[in-house]
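Student: The structure is given below, and queries will be raised subsequently.
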Number of protein chains: 2
Amino acid sequence: MEAGDLLFYFFIIFTSAKILGEICVRLKVPPLIGEILAGVLLGNYVLGIIDHSNHVLMSFAEIGVIFLMFHVGLEIRVKDLFSVGRTAVLVGILGVLFPLLMGFLCMVLVGYQIVESLFIATAILATSVGISVKVLQDLGLIKHKVAYIVLGAAVLDDILALIVLALVKGLARGVFNIVEFSLLVCESIAFVGFLTWWGPRIAARTRRWIERLNIPEGPFVLSVVLCLGLAELADLIGLAAIIGSFMAGIVIDELAGVYDLENKVKYVNEFLLPFFFVMMGAHLDPRAFLTPRLLFLTLLVTGIAVLSKMFGSTLACLKENWRIRIQTGVCMIPRGEVGIIVGLIGISLQSITQEVYTVVLSMSLLTTLITPPLIILSFKKKKKKPLLSLEHKG
Amino acid sequence: MEAGDLLFYFFIIFTSAKILGEICVRLKVPPLIGEILAGVLLGNYVLGIIDHSNHVLMSFAEIGVIFLMFHVGLEIRVKDLFSVGRTAVLVGILGVLFPLLMGFLCMVLVGYQIVESLFIATAILATSVGISVKVLQDLGLIKHKVAYIVLGAAVLDDILALIVLALVKGLARGVFNIVEFSLLVCESIAFVGFLTWWGPRIAARTRRWIERLNIPEGPFVLSVVLCLGLAELADLIGLAAIIGSFMAGIVIDELAGVYDLENKVKYVNEFLLPFFFVMMGAHLDPRAFLTPRLLFLTLLVTGIAVLSKMFGSTLACLKENWRIRIQTGVCMIPRGEVGIIVGLIGISLQSITQEVYTVVLSMSLLTTLITPPLIILSFKKKKKKPLLSLEHKG
């Protein structure tokens with residue numbers, strides 16, 4: 001890709017994302033819907049201006065969502081995360097179990113083979129928390145109880161997804177290495193456990209050391225190093241990289257206030273994040289909605305994905321009032337990377353067909369697109385005062 | 001490139017740049033020298049960890065320097081730029097003429113052919129202002145008279161380089177399209193002229209319109225759109241993309257203060273810029289210093305590049321005192337992209353050899369590496385007070 005090309009893509013992506021974002025805000029829809037729609041428009045299947053397999057653009061997208069989760073980690077407080085710990089754990093577990101069971105049973109009932117049904121069930125199991133979190137952030141609700149429950153659940157959700165994926169992969173291949181599997185489970189639990197428990201304590205003690213840094217913007221630089229480092233470590237273990245960057249935010253939570261890291265990371269985010277949403281939209285394949293057979297399958301899988309997750313999540317937080325239960329359920333709806341990864345593995349092992357893969361991809365996008373309006377609806381107050389107050393001026 | 005790979009490279013590049021940067025600051029050397037050295041270490045020819053032809057990493061580097069120049073444009077005031085206009089124009093013209101003439105004559109005298117000598121002379125002609133500007137910024141001198149002269153001169157420098165390059169290309173090919181050439185000259189002068197003169201006036205009138213934007217961080221978003229748009233436009237004309245982003249900064253200069261854009265763009269920069277310096281360092285080919293013949297050529301071309309530019313620049317600002325003349329001359333030393341582009345064109349037209357290309361590349365890097373210490377030296381006050389005060393804490 002030439003220098004000029006790169007700039008052209010950057011300009012087009014950023015500008016159209018923001019124009020459609022602005023239109024969405026005026027229509028009282030969250031701006032990220034506009035950014036995703038910009039991606040759909042620009043993508044391979046509609047205007048064909050950007051290629052969703054372009055490495056450079058996908059890399060910017062990836063770094064964008066890593067910084068989003070880092071920013072979210074910086075914003076929330078570890079103590080508050082612990083205070084909803086039990087509920088979050090339950091939401092995480094039931095929110096994975098229900099899609100897995102319901103997905104498997106439904107697909108078998110519709111006539112799919114055992115292995116293929118298992119892959120589809122695995123693909124709809126893990127929540128991709130970025131979208132919900134961004135909507136909550138835009139609504140100024142990132143410190144709401146629901147946000148904490150959802151974030152805690154999403155971390156566990158990802159660990160469980162990793163475990164189920166390892167099991168399903170083993171099953172499909174016919175080989176299963178128990179040592180490797182145990183290692184995977186231990187590593188991921190140790191990673192998250194150590195960081196949540198010890199991370200903030202260790203970070204708090206490094207302050208004297210940070211003060212001695214001489215490079216410009218030392219604390220910001222260190223925070224980025226930690227963000228990239230933990231994202232890479234999470235990826236090495238097999239977890240989502242965003243779990244690592246989220247953990248990085250959690251770990252330096254206390255220092256973030258001292259050095260105003262939230263506001264500094266925010267603008268890196270503002271620049272990079274549109275690439276994530278646009279590239280997400282660019283993956284939408286409208287063919288999934290054009291043939292009746294595929295449309296039926298897409299709607300079926302999406303329906304199961306939505307209902308099973310909502311059912312599991314709302315059941316998990318029985319102790320809360322009905323509003324919080326619904327809100328939590330809605331925030332857990334979006335699916336993303338895990339579904340796509342499962343789909344790709346399924347194809348490479350010839351356990352699923354290209355058709356099923358397209359369906360999984362469309363399910364990810366549909367759940368992503370319906371969630372933001374549902375979140376807004378679920379948080380709407382009974383008073384006439386509109387909730388969507390996105391007009392923070394620079 | 002896989003997700004994990006990408007994060008690994010990001011982590012390694014960012015972290016090693018900052019570690020070497022920190023060491024440099026402690027040794028009273030500008031941190032960007034450390035970042036460039038990190039690139040040399042990680043690059044193809046030393047440790048071989050990063051590949052300097054990697055598209056993704058080069059794209060981040062490119063966007064990094066585009067944001068650097070945007071940030072610089074936001075920092076400086078148009079009025080002050082006009083106040084040094086005459087000097088800047090002279091520095092721009094003489095700073096191009098001297099390297100061209102001296103370079104050509106010296107290479108012919110050493111025994112090179114006319115066309116090859118012309119290519120080498122063209123390769124050493126244009127200043128790459130990013131390094132000097134970053135050093136001045138780190139030293140808190142971005143609003144110093146010298147910074148304004150250098151920035152003004154660099155814009156003109158780039159236009160002149162574009163013109164000379166078109167002429168030399170025509171000469172080498174044996175065809176020369178006068179219409180195309182005139183169009184090129186007019187376009188580039190119109191681009192810079194229009195933006196400097198009318199840009200700020202138009203931008204100042206858009207404020208009411210900006211206030212009506214509803215997306216979060218509207219002014220920041222708009223500024224990024226302008227930065228990417230003008231960078232792309234400059235590139236389309238044939239100018240360096242960084243001239244476009246610099247112009248974008250100039251244009252919204254007045255609004256920048258209102259919306260605190262400087263501070264917002266700063267952190268995008270802090271994240272992206274290390275990629276630029278590291279990738280620059282990764283291009284260093286130590287072979288240029290290992291064979292006596294190449295070493296001689298490299299030192300010769302670098303010597304001519306440094307002396308001719310300093311001579312031309314200091315001669316151009318006769319009206320100023322000797323300190324400012326030396327400081328301006330030193331800041332104009334670094335060469336960069338233009339040299340490399342000329343080299344690549346020369347190779348593709350078979351007008352220069354691979355050997356000469358390696359020499360040009362090494363010249364770019366050498367001039368880049370010697371400039372920061374020279375800038376510090378030239379700005380050193382006679383009092384014992386150390387000038388290098390980079391310890392801005394986040």
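FYI, nothing fancy with the structure tokens labels: chains A, B, ... in order, residues from 1 per chain, ligands from 1 as they appear.
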Quick one: which residues from chain A are at most 8 Å off chain B, using only C-alpha atoms, as a short mmCIF file (atom, residue, chain, number, x, y, z; two decimals) with all heavy atoms, in the first residue's frame?

Tutor:
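Now in selection-v7.cif:
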data_model
loop_
_atom_site.label_atom_id
_atom_site.label_comp_id
_atom_site.auth_asym_id
_atom_site.auth_seq_id
_atom_site.Cartn_x
_atom_site.Cartn_y
_atom_site.Cartn_z
N MET A 1 0.84 -1.20 0.00
CA MET A 1 0.00 0.00 0.00
C MET A 1 0.87 1.25 0.00
O MET A 1 1.74 1.42 0.84
CB MET A 1 -0.90 -0.01 1.23
CG MET A 1 -1.94 1.06 1.20
SD MET A 1 -3.46 0.58 2.04
CE MET A 1 -3.00 0.77 3.73
N ALA A 3 1.93 5.32 0.24
CA ALA A 3 1.67 6.37 1.24
C ALA A 3 0.34 7.07 0.94
O ALA A 3 -0.49 7.26 1.82
CB ALA A 3 2.81 7.36 1.26
N GLY A 4 0.16 7.44 -0.32
CA GLY A 4 -1.05 8.16 -0.70
C GLY A 4 -2.30 7.35 -0.47
O GLY A 4 -3.29 7.84 0.07
N LEU A 6 -2.75 4.98 1.66
CA LEU A 6 -2.99 4.87 3.09
C LEU A 6 -3.75 6.09 3.58
O LEU A 6 -4.77 5.97 4.25
CB LEU A 6 -1.64 4.78 3.81
CG LEU A 6 -1.75 4.76 5.34
CD1 LEU A 6 -2.27 3.42 5.81
CD2 LEU A 6 -0.41 5.06 5.98
N LEU A 7 -3.26 7.28 3.20
CA LEU A 7 -3.89 8.51 3.65
C LEU A 7 -5.30 8.62 3.12
O LEU A 7 -6.21 9.08 3.80
CB LEU A 7 -3.07 9.71 3.19
CG LEU A 7 -1.92 10.01 4.11
CD1 LEU A 7 -0.97 10.98 3.48
CD2 LEU A 7 -2.47 10.57 5.42
N PHE A 8 -5.50 8.18 1.89
CA PHE A 8 -6.83 8.21 1.30
C PHE A 8 -7.79 7.36 2.13
O PHE A 8 -8.87 7.81 2.51
CB PHE A 8 -6.77 7.70 -0.15
CG PHE A 8 -8.11 7.47 -0.76
CD1 PHE A 8 -8.90 8.54 -1.17
CD2 PHE A 8 -8.61 6.18 -0.91
CE1 PHE A 8 -10.15 8.33 -1.72
CE2 PHE A 8 -9.86 5.97 -1.46
CZ PHE A 8 -10.63 7.04 -1.86
N PHE A 10 -7.44 6.39 5.21
CA PHE A 10 -7.61 6.98 6.53
C PHE A 10 -8.62 8.11 6.50
O PHE A 10 -9.49 8.21 7.37
CB PHE A 10 -6.26 7.51 7.02
CG PHE A 10 -5.55 6.49 7.83
CD1 PHE A 10 -5.11 5.32 7.27
CD2 PHE A 10 -5.35 6.70 9.18
CE1 PHE A 10 -4.49 4.36 8.01
CE2 PHE A 10 -4.71 5.75 9.94
CZ PHE A 10 -4.28 4.58 9.36
N PHE A 11 -8.47 8.95 5.50
CA PHE A 11 -9.36 10.10 5.39
C PHE A 11 -10.80 9.64 5.18
O PHE A 11 -11.72 10.08 5.87
CB PHE A 11 -8.90 11.00 4.24
CG PHE A 11 -9.82 12.16 3.99
CD1 PHE A 11 -9.93 13.20 4.90
CD2 PHE A 11 -10.60 12.20 2.84
CE1 PHE A 11 -10.79 14.26 4.68
CE2 PHE A 11 -11.46 13.26 2.61
CZ PHE A 11 -11.56 14.29 3.53
N PHE A 14 -12.19 7.72 8.41
CA PHE A 14 -12.43 8.59 9.56
C PHE A 14 -13.58 9.55 9.27
O PHE A 14 -14.48 9.72 10.09
CB PHE A 14 -11.14 9.35 9.91
CG PHE A 14 -11.18 9.99 11.25
CD1 PHE A 14 -10.83 9.27 12.38
CD2 PHE A 14 -11.57 11.31 11.41
CE1 PHE A 14 -10.86 9.84 13.65
CE2 PHE A 14 -11.62 11.89 12.66
CZ PHE A 14 -11.26 11.16 13.78
N THR A 15 -13.55 10.15 8.08
CA THR A 15 -14.54 11.17 7.76
C THR A 15 -15.93 10.57 7.62
O THR A 15 -16.90 11.09 8.21
CB THR A 15 -14.15 11.91 6.47
OG1 THR A 15 -12.80 12.35 6.60
CG2 THR A 15 -15.04 13.09 6.22
N LYS A 18 -17.41 9.60 10.92
CA LYS A 18 -17.85 10.71 11.75
C LYS A 18 -19.09 11.41 11.19
O LYS A 18 -19.93 11.88 11.94
CB LYS A 18 -16.70 11.71 11.94
CG LYS A 18 -15.57 11.15 12.80
CD LYS A 18 -16.09 10.66 14.15
CE LYS A 18 -15.01 10.08 15.03
NZ LYS A 18 -15.52 9.66 16.35
N GLY A 21 -21.82 9.16 12.03
CA GLY A 21 -21.96 9.25 13.48
C GLY A 21 -22.78 10.47 13.88
O GLY A 21 -23.69 10.39 14.71
N GLU A 22 -22.45 11.59 13.24
CA GLU A 22 -23.17 12.84 13.52
C GLU A 22 -24.66 12.70 13.18
O GLU A 22 -25.53 13.10 13.94
CB GLU A 22 -22.53 13.98 12.72
CG GLU A 22 -23.25 15.32 12.77
CD GLU A 22 -23.11 16.05 14.11
OE1 GLU A 22 -22.15 15.73 14.84
OE2 GLU A 22 -23.95 16.91 14.43
N VAL A 25 -26.36 10.65 15.85
CA VAL A 25 -26.61 11.38 17.10
C VAL A 25 -27.84 12.25 16.95
O VAL A 25 -28.69 12.33 17.83
CB VAL A 25 -25.40 12.23 17.51
CG1 VAL A 25 -25.71 13.01 18.77
CG2 VAL A 25 -24.18 11.36 17.75
N ARG A 26 -27.97 12.88 15.78
CA ARG A 26 -29.14 13.75 15.56
C ARG A 26 -30.42 12.95 15.52
O ARG A 26 -31.49 13.45 15.85
CB ARG A 26 -28.97 14.54 14.26
CG ARG A 26 -27.81 15.50 14.40
CD ARG A 26 -27.73 16.55 13.35
NE ARG A 26 -26.59 17.39 13.69
CZ ARG A 26 -26.39 18.60 13.24
NH1 ARG A 26 -27.27 19.13 12.41
NH2 ARG A 26 -25.35 19.29 13.60
N PRO A 31 -23.69 7.14 18.16
CA PRO A 31 -22.87 7.41 16.98
C PRO A 31 -22.11 6.19 16.46
O PRO A 31 -21.82 6.11 15.26
CB PRO A 31 -21.89 8.48 17.46
CG PRO A 31 -21.96 8.49 18.95
CD PRO A 31 -23.32 7.99 19.31
N HIS A 55 -4.46 -5.60 5.76
CA HIS A 55 -3.72 -5.77 7.01
C HIS A 55 -3.54 -4.48 7.78
O HIS A 55 -3.68 -4.45 9.00
CB HIS A 55 -2.32 -6.31 6.71
CG HIS A 55 -2.29 -7.78 6.60
ND1 HIS A 55 -3.03 -8.59 7.42
CD2 HIS A 55 -1.60 -8.61 5.79
CE1 HIS A 55 -2.81 -9.85 7.11
NE2 HIS A 55 -1.96 -9.89 6.11
N VAL A 56 -3.20 -3.41 7.04
CA VAL A 56 -2.90 -2.15 7.71
C VAL A 56 -4.15 -1.63 8.41
O VAL A 56 -4.11 -1.28 9.59
CB VAL A 56 -2.37 -1.11 6.70
CG1 VAL A 56 -2.21 0.23 7.38
CG2 VAL A 56 -1.05 -1.57 6.10
N SER A 59 -5.10 -3.65 11.35
CA SER A 59 -4.20 -3.43 12.49
C SER A 59 -4.60 -2.19 13.27
O SER A 59 -4.61 -2.19 14.51
CB SER A 59 -2.76 -3.27 12.01
OG SER A 59 -2.37 -4.39 11.28
N GLU A 62 -7.60 -3.08 15.29
CA GLU A 62 -7.27 -3.90 16.44
C GLU A 62 -6.69 -3.07 17.58
O GLU A 62 -7.06 -3.23 18.74
CB GLU A 62 -6.20 -4.87 15.98
CG GLU A 62 -6.28 -6.21 16.58
CD GLU A 62 -5.21 -7.04 15.93
OE1 GLU A 62 -5.37 -7.43 14.75
OE2 GLU A 62 -4.19 -7.24 16.59
N ASP A 138 -20.49 6.48 26.30
CA ASP A 138 -21.08 7.65 25.64
C ASP A 138 -22.27 8.19 26.42
O ASP A 138 -22.56 9.38 26.40
CB ASP A 138 -21.53 7.29 24.21
CG ASP A 138 -20.36 7.28 23.24
OD1 ASP A 138 -19.26 7.75 23.62
OD2 ASP A 138 -20.53 6.79 22.11
N GLU A 211 8.08 8.66 39.31
CA GLU A 211 8.47 10.07 39.49
C GLU A 211 9.91 10.31 39.03
O GLU A 211 10.29 11.43 38.74
CB GLU A 211 8.34 10.49 40.96
CG GLU A 211 6.93 10.43 41.52
CD GLU A 211 6.03 11.51 40.96
OE1 GLU A 211 6.56 12.50 40.45
OE2 GLU A 211 4.80 11.35 41.03
N LEU A 213 11.31 9.00 36.42
CA LEU A 213 11.48 8.93 34.96
C LEU A 213 11.78 10.31 34.40
O LEU A 213 11.21 11.30 34.84
CB LEU A 213 10.20 8.41 34.31
CG LEU A 213 10.00 6.90 34.30
CD1 LEU A 213 8.66 6.58 33.66
CD2 LEU A 213 11.11 6.21 33.53
N ASN A 214 12.66 10.36 33.43
CA ASN A 214 13.03 11.66 32.86
C ASN A 214 12.45 11.93 31.48
O ASN A 214 12.45 13.06 31.02
CB ASN A 214 14.56 11.77 32.77
CG ASN A 214 15.18 11.87 34.13
OD1 ASN A 214 14.63 12.53 35.01
ND2 ASN A 214 16.29 11.21 34.34
N ILE A 215 11.99 10.88 30.77
CA ILE A 215 11.43 11.14 29.44
C ILE A 215 10.15 11.95 29.56
O ILE A 215 9.45 11.85 30.56
CB ILE A 215 11.09 9.86 28.64
CG1 ILE A 215 10.59 8.75 29.58
CG2 ILE A 215 12.24 9.41 27.80
CD1 ILE A 215 9.99 7.60 28.82
N PRO A 216 9.85 12.73 28.53
CA PRO A 216 8.60 13.50 28.57
C PRO A 216 7.41 12.55 28.69
O PRO A 216 7.42 11.48 28.08
CB PRO A 216 8.57 14.23 27.22
CG PRO A 216 9.96 14.19 26.72
CD PRO A 216 10.59 12.97 27.27
N GLU A 217 6.41 12.95 29.45
CA GLU A 217 5.18 12.16 29.60
C GLU A 217 5.43 10.74 30.10
O GLU A 217 4.76 9.79 29.66
CB GLU A 217 4.40 12.11 28.27
CG GLU A 217 3.91 13.45 27.79
CD GLU A 217 2.87 14.07 28.73
OE1 GLU A 217 2.24 13.32 29.48
OE2 GLU A 217 2.74 15.30 28.70
N GLY A 218 6.37 10.61 31.03
CA GLY A 218 6.70 9.28 31.58
C GLY A 218 5.51 8.42 32.00
O GLY A 218 5.41 7.27 31.56
N PRO A 219 4.60 8.93 32.82
CA PRO A 219 3.49 8.08 33.27
C PRO A 219 2.61 7.59 32.11
O PRO A 219 2.23 6.42 32.07
CB PRO A 219 2.69 9.01 34.20
CG PRO A 219 3.67 10.03 34.65
CD PRO A 219 4.60 10.24 33.49
N PHE A 220 2.35 8.48 31.16
CA PHE A 220 1.56 8.07 29.99
C PHE A 220 2.29 6.97 29.22
O PHE A 220 1.69 5.96 28.84
CB PHE A 220 1.30 9.29 29.09
CG PHE A 220 0.64 8.95 27.79
CD1 PHE A 220 -0.71 8.68 27.73
CD2 PHE A 220 1.38 8.90 26.61
CE1 PHE A 220 -1.33 8.36 26.52
CE2 PHE A 220 0.78 8.58 25.40
CZ PHE A 220 -0.58 8.32 25.36
N VAL A 221 3.59 7.18 29.01
CA VAL A 221 4.40 6.21 28.28
C VAL A 221 4.36 4.85 28.98
O VAL A 221 4.12 3.82 28.35
CB VAL A 221 5.85 6.72 28.15
CG1 VAL A 221 6.80 5.60 27.76
CG2 VAL A 221 5.92 7.86 27.15
N VAL A 224 1.10 3.05 28.49
CA VAL A 224 0.97 2.44 27.15
C VAL A 224 1.80 1.16 27.07
O VAL A 224 1.36 0.15 26.51
CB VAL A 224 1.39 3.43 26.04
CG1 VAL A 224 1.42 2.75 24.69
CG2 VAL A 224 0.44 4.63 26.00
N VAL A 225 2.99 1.20 27.67
CA VAL A 225 3.83 -0.01 27.70
C VAL A 225 3.08 -1.15 28.39
O VAL A 225 3.03 -2.28 27.88
CB VAL A 225 5.17 0.27 28.42
CG1 VAL A 225 5.90 -1.03 28.75
CG2 VAL A 225 6.05 1.18 27.57
N LEU A 228 0.11 -2.40 26.11
CA LEU A 228 0.55 -3.25 25.00
C LEU A 228 1.12 -4.57 25.52
O LEU A 228 0.87 -5.64 24.96
CB LEU A 228 1.60 -2.52 24.16
CG LEU A 228 1.15 -1.26 23.43
CD1 LEU A 228 2.33 -0.56 22.77
CD2 LEU A 228 0.10 -1.59 22.38
N GLY A 229 1.86 -4.50 26.61
CA GLY A 229 2.49 -5.69 27.16
C GLY A 229 1.46 -6.70 27.65
O GLY A 229 1.54 -7.89 27.31
N ALA A 231 -1.71 -6.84 26.81
CA ALA A 231 -2.52 -7.29 25.67
C ALA A 231 -1.79 -8.43 24.96
O ALA A 231 -2.39 -9.45 24.62
CB ALA A 231 -2.78 -6.13 24.72
N GLU A 232 -0.49 -8.25 24.77
CA GLU A 232 0.30 -9.28 24.11
C GLU A 232 0.35 -10.55 24.96
O GLU A 232 0.22 -11.67 24.45
CB GLU A 232 1.73 -8.74 23.86
CG GLU A 232 2.80 -9.76 23.54
CD GLU A 232 2.63 -10.45 22.20
OE1 GLU A 232 1.70 -10.08 21.45
OE2 GLU A 232 3.42 -11.37 21.89
N ASP A 235 -2.87 -12.39 24.78
CA ASP A 235 -2.93 -13.05 23.47
C ASP A 235 -2.08 -14.32 23.47
O ASP A 235 -2.48 -15.33 22.91
CB ASP A 235 -2.47 -12.07 22.40
CG ASP A 235 -2.60 -12.65 21.01
OD1 ASP A 235 -3.69 -12.52 20.45
OD2 ASP A 235 -1.63 -13.24 20.51
N LEU A 236 -0.91 -14.25 24.08
CA LEU A 236 -0.02 -15.42 24.13
C LEU A 236 -0.68 -16.57 24.88
O LEU A 236 -0.58 -17.72 24.49
CB LEU A 236 1.30 -15.06 24.83
CG LEU A 236 2.33 -14.31 24.00
CD1 LEU A 236 3.57 -14.04 24.84
CD2 LEU A 236 2.70 -15.11 22.75
N TYR A 259 -2.17 10.93 37.50
CA TYR A 259 -1.53 11.45 36.29
C TYR A 259 -2.52 11.79 35.17
O TYR A 259 -2.10 11.99 34.03
CB TYR A 259 -0.48 10.46 35.78
CG TYR A 259 0.61 10.19 36.78
CD1 TYR A 259 0.72 8.94 37.39
CD2 TYR A 259 1.52 11.18 37.14
CE1 TYR A 259 1.72 8.69 38.32
CE2 TYR A 259 2.52 10.93 38.06
CZ TYR A 259 2.61 9.70 38.65
OH TYR A 259 3.59 9.45 39.57
N ASP A 260 -3.80 11.79 35.48
CA ASP A 260 -4.83 12.14 34.51
C ASP A 260 -4.73 11.29 33.24
O ASP A 260 -4.89 11.77 32.12
CB ASP A 260 -4.72 13.64 34.15
CG ASP A 260 -5.95 14.13 33.42
OD1 ASP A 260 -7.02 13.53 33.60
OD2 ASP A 260 -5.84 15.09 32.64
N LYS A 264 -5.75 11.43 28.79
CA LYS A 264 -4.69 11.33 27.79
C LYS A 264 -4.93 10.18 26.83
O LYS A 264 -4.73 10.31 25.63
CB LYS A 264 -3.34 11.19 28.50
CG LYS A 264 -3.00 12.45 29.29
CD LYS A 264 -1.76 12.31 30.14
CE LYS A 264 -1.54 13.64 30.89
NZ LYS A 264 -0.40 13.56 31.82
N VAL A 265 -5.38 9.06 27.39
CA VAL A 265 -5.65 7.89 26.55
C VAL A 265 -6.89 8.14 25.68
O VAL A 265 -6.99 7.64 24.57
CB VAL A 265 -5.83 6.64 27.43
CG1 VAL A 265 -6.35 5.46 26.62
CG2 VAL A 265 -4.51 6.27 28.09
N TYR A 267 -7.82 10.53 23.82
CA TYR A 267 -7.66 11.07 22.48
C TYR A 267 -6.97 10.11 21.51
O TYR A 267 -7.20 10.16 20.30
CB TYR A 267 -7.00 12.45 22.53
CG TYR A 267 -7.93 13.42 23.21
CD1 TYR A 267 -7.78 13.76 24.54
CD2 TYR A 267 -9.05 13.89 22.54
CE1 TYR A 267 -8.69 14.59 25.18
CE2 TYR A 267 -9.96 14.72 23.17
CZ TYR A 267 -9.78 15.06 24.49
OH TYR A 267 -10.70 15.84 25.11
N VAL A 268 -6.15 9.23 22.07
CA VAL A 268 -5.58 8.16 21.23
C VAL A 268 -6.75 7.35 20.70
O VAL A 268 -6.83 7.01 19.52
CB VAL A 268 -4.62 7.28 22.05
CG1 VAL A 268 -4.01 6.21 21.16
CG2 VAL A 268 -3.53 8.11 22.71
N GLU A 270 -9.98 8.30 20.51
CA GLU A 270 -10.85 9.04 19.60
C GLU A 270 -10.34 8.90 18.17
O GLU A 270 -11.12 8.84 17.23
CB GLU A 270 -10.87 10.53 19.98
CG GLU A 270 -11.82 10.89 21.10
CD GLU A 270 -13.29 10.78 20.69
OE1 GLU A 270 -13.61 10.87 19.51
OE2 GLU A 270 -14.11 10.55 21.60
N PHE A 271 -9.03 8.85 18.02
CA PHE A 271 -8.48 8.72 16.68
C PHE A 271 -8.56 7.28 16.16
O PHE A 271 -8.92 7.04 15.01
CB PHE A 271 -7.02 9.20 16.65
CG PHE A 271 -6.34 8.93 15.34
CD1 PHE A 271 -6.84 9.45 14.16
CD2 PHE A 271 -5.21 8.13 15.28
CE1 PHE A 271 -6.24 9.19 12.94
CE2 PHE A 271 -4.60 7.86 14.05
CZ PHE A 271 -5.11 8.39 12.89
N LEU A 390 -25.34 13.15 24.39
CA LEU A 390 -23.99 12.93 23.86
C LEU A 390 -23.31 14.23 23.48
O LEU A 390 -22.21 14.22 22.97
CB LEU A 390 -24.08 12.04 22.62
CG LEU A 390 -24.58 10.63 22.90
CD1 LEU A 390 -24.95 9.94 21.63
CD2 LEU A 390 -23.54 9.85 23.66
N GLU A 391 -23.99 15.32 23.78
CA GLU A 391 -23.43 16.58 23.27
C GLU A 391 -22.32 17.17 24.14
O GLU A 391 -22.33 18.33 24.48
CB GLU A 391 -24.55 17.62 23.09
CG GLU A 391 -25.56 17.29 22.01
CD GLU A 391 -26.70 16.44 22.54
OE1 GLU A 391 -26.68 16.06 23.72
OE2 GLU A 391 -27.62 16.16 21.76
N HIS A 392 -21.35 16.33 24.52
CA HIS A 392 -20.18 16.90 25.21
C HIS A 392 -19.38 17.67 24.19
O HIS A 392 -18.89 17.09 23.24
CB HIS A 392 -19.27 15.81 25.77
CG HIS A 392 -20.00 14.76 26.52
ND1 HIS A 392 -20.66 15.02 27.68
CD2 HIS A 392 -20.18 13.44 26.25
CE1 HIS A 392 -21.21 13.88 28.11
NE2 HIS A 392 -20.95 12.93 27.26
N LYS A 393 -19.22 18.92 24.40
CA LYS A 393 -18.41 19.71 23.46
C LYS A 393 -16.96 19.68 23.92
O LYS A 393 -16.67 19.75 25.10
CB LYS A 393 -18.93 21.14 23.43
CG LYS A 393 -20.32 21.24 22.83
CD LYS A 393 -20.30 21.48 21.34
CE LYS A 393 -21.60 21.11 20.68
NZ LYS A 393 -22.70 21.92 21.16
N GLY A 394 -16.06 19.57 22.85
CA GLY A 394 -14.61 19.50 23.08
C GLY A 394 -14.11 20.42 24.15
O GLY A 394 -12.98 20.43 24.50
#

Student: Skipping near chain neighbours, those fewer than 2 positions away, what residues fall within 9 Å of Leu100 (chain A) using only C-alpha atoms, listed as a PyMOL selection string?

Tutor: chain A and resi 95-98+102-105+118+120-125+308

Student: Taking 3 positions as the minimum chain separation for residues in the same chain, which residues sit within 12 Å of Gly43 (chain B) when counting only C-alpha atoms? Answer as a list in words.

Tutor: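 Skipping anything fewer than 3 positions along the chain leaves Tyr9, Ile12, Ile13, Ile36, Leu37, Ala38, Gly39, Val40, Val46, Leu47, Gly48, Ile49, Ile50, Asp51, His52, Ser53, Asn54, Leu57, Phe277, Val278, Met279, Met280, Gly281, Ala282, His283, Leu284, Asp285 and Pro286 of chain B.
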
Student: Just to confirm, what's the straight-line distance from CA of Val29 (chain B) to CA of Ile326 (chain B) in Å (one decimal)?

Tutor: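 Spanning CA of Val29 (chain B) to CA of Ile326 (chain B) is a straight-line distance of 19.6 Å.
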
Student: Would you please give, as number ranges by chain, all residues of region 55-194 of chain B that DSSP assigns to alpha helix (DSSP H) based on the backbone?

Tutor: B: 55-75, 78-83, 85-110, 114-123, 130-138, 145-173, 178-194

Student: Could you pull the residues within 9 Å of Val91 (chain B), counting only C-alpha atoms, minus those fewer than 6 positions along the same chain, as a PyMOL selection string?

Tutor: chain B and resi 149-150+152-154+156-157+312-317+328-329

Student: Name the residues in contact with Tyr357 (chain B) at a cut-off of 9 Å, using only C-alpha atoms, excluding same-chain residues fewer than 4 positions from it; report them as a PDB file with C-alpha atoms, in the first residue's frame.

Tutor:
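Produced file out.pdb, reproduced below:
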ATOM      1  CA  ILE B 120      22.825  12.730  -5.811  1.00  0.00           C
ATOM      2  CA  ILE B 340      15.026   8.302  -0.313  1.00  0.00           C
ATOM      3  CA  VAL B 342      14.957  10.489  -5.301  1.00  0.00           C
ATOM      4  CA  GLY B 343      17.147   7.451  -4.695  1.00  0.00           C
ATOM      5  CA  LEU B 344      14.326   5.048  -5.518  1.00  0.00           C
ATOM      6  CA  GLY B 346      17.083   7.014  -9.681  1.00  0.00           C
ATOM      7  CA  ILE B 347      17.311   3.251  -9.297  1.00  0.00           C
ATOM      8  CA  ILE B 352      22.056   5.547 -10.116  1.00  0.00           C
ATOM      9  CA  THR B 353      23.466   2.301  -8.739  1.00  0.00           C
ATOM     10  CA  LEU B 361      20.036   6.325   2.770  1.00  0.00           C
ATOM     11  CA  SER B 362      22.985   6.453   5.160  1.00  0.00           C
TER      12      SER B 362
END
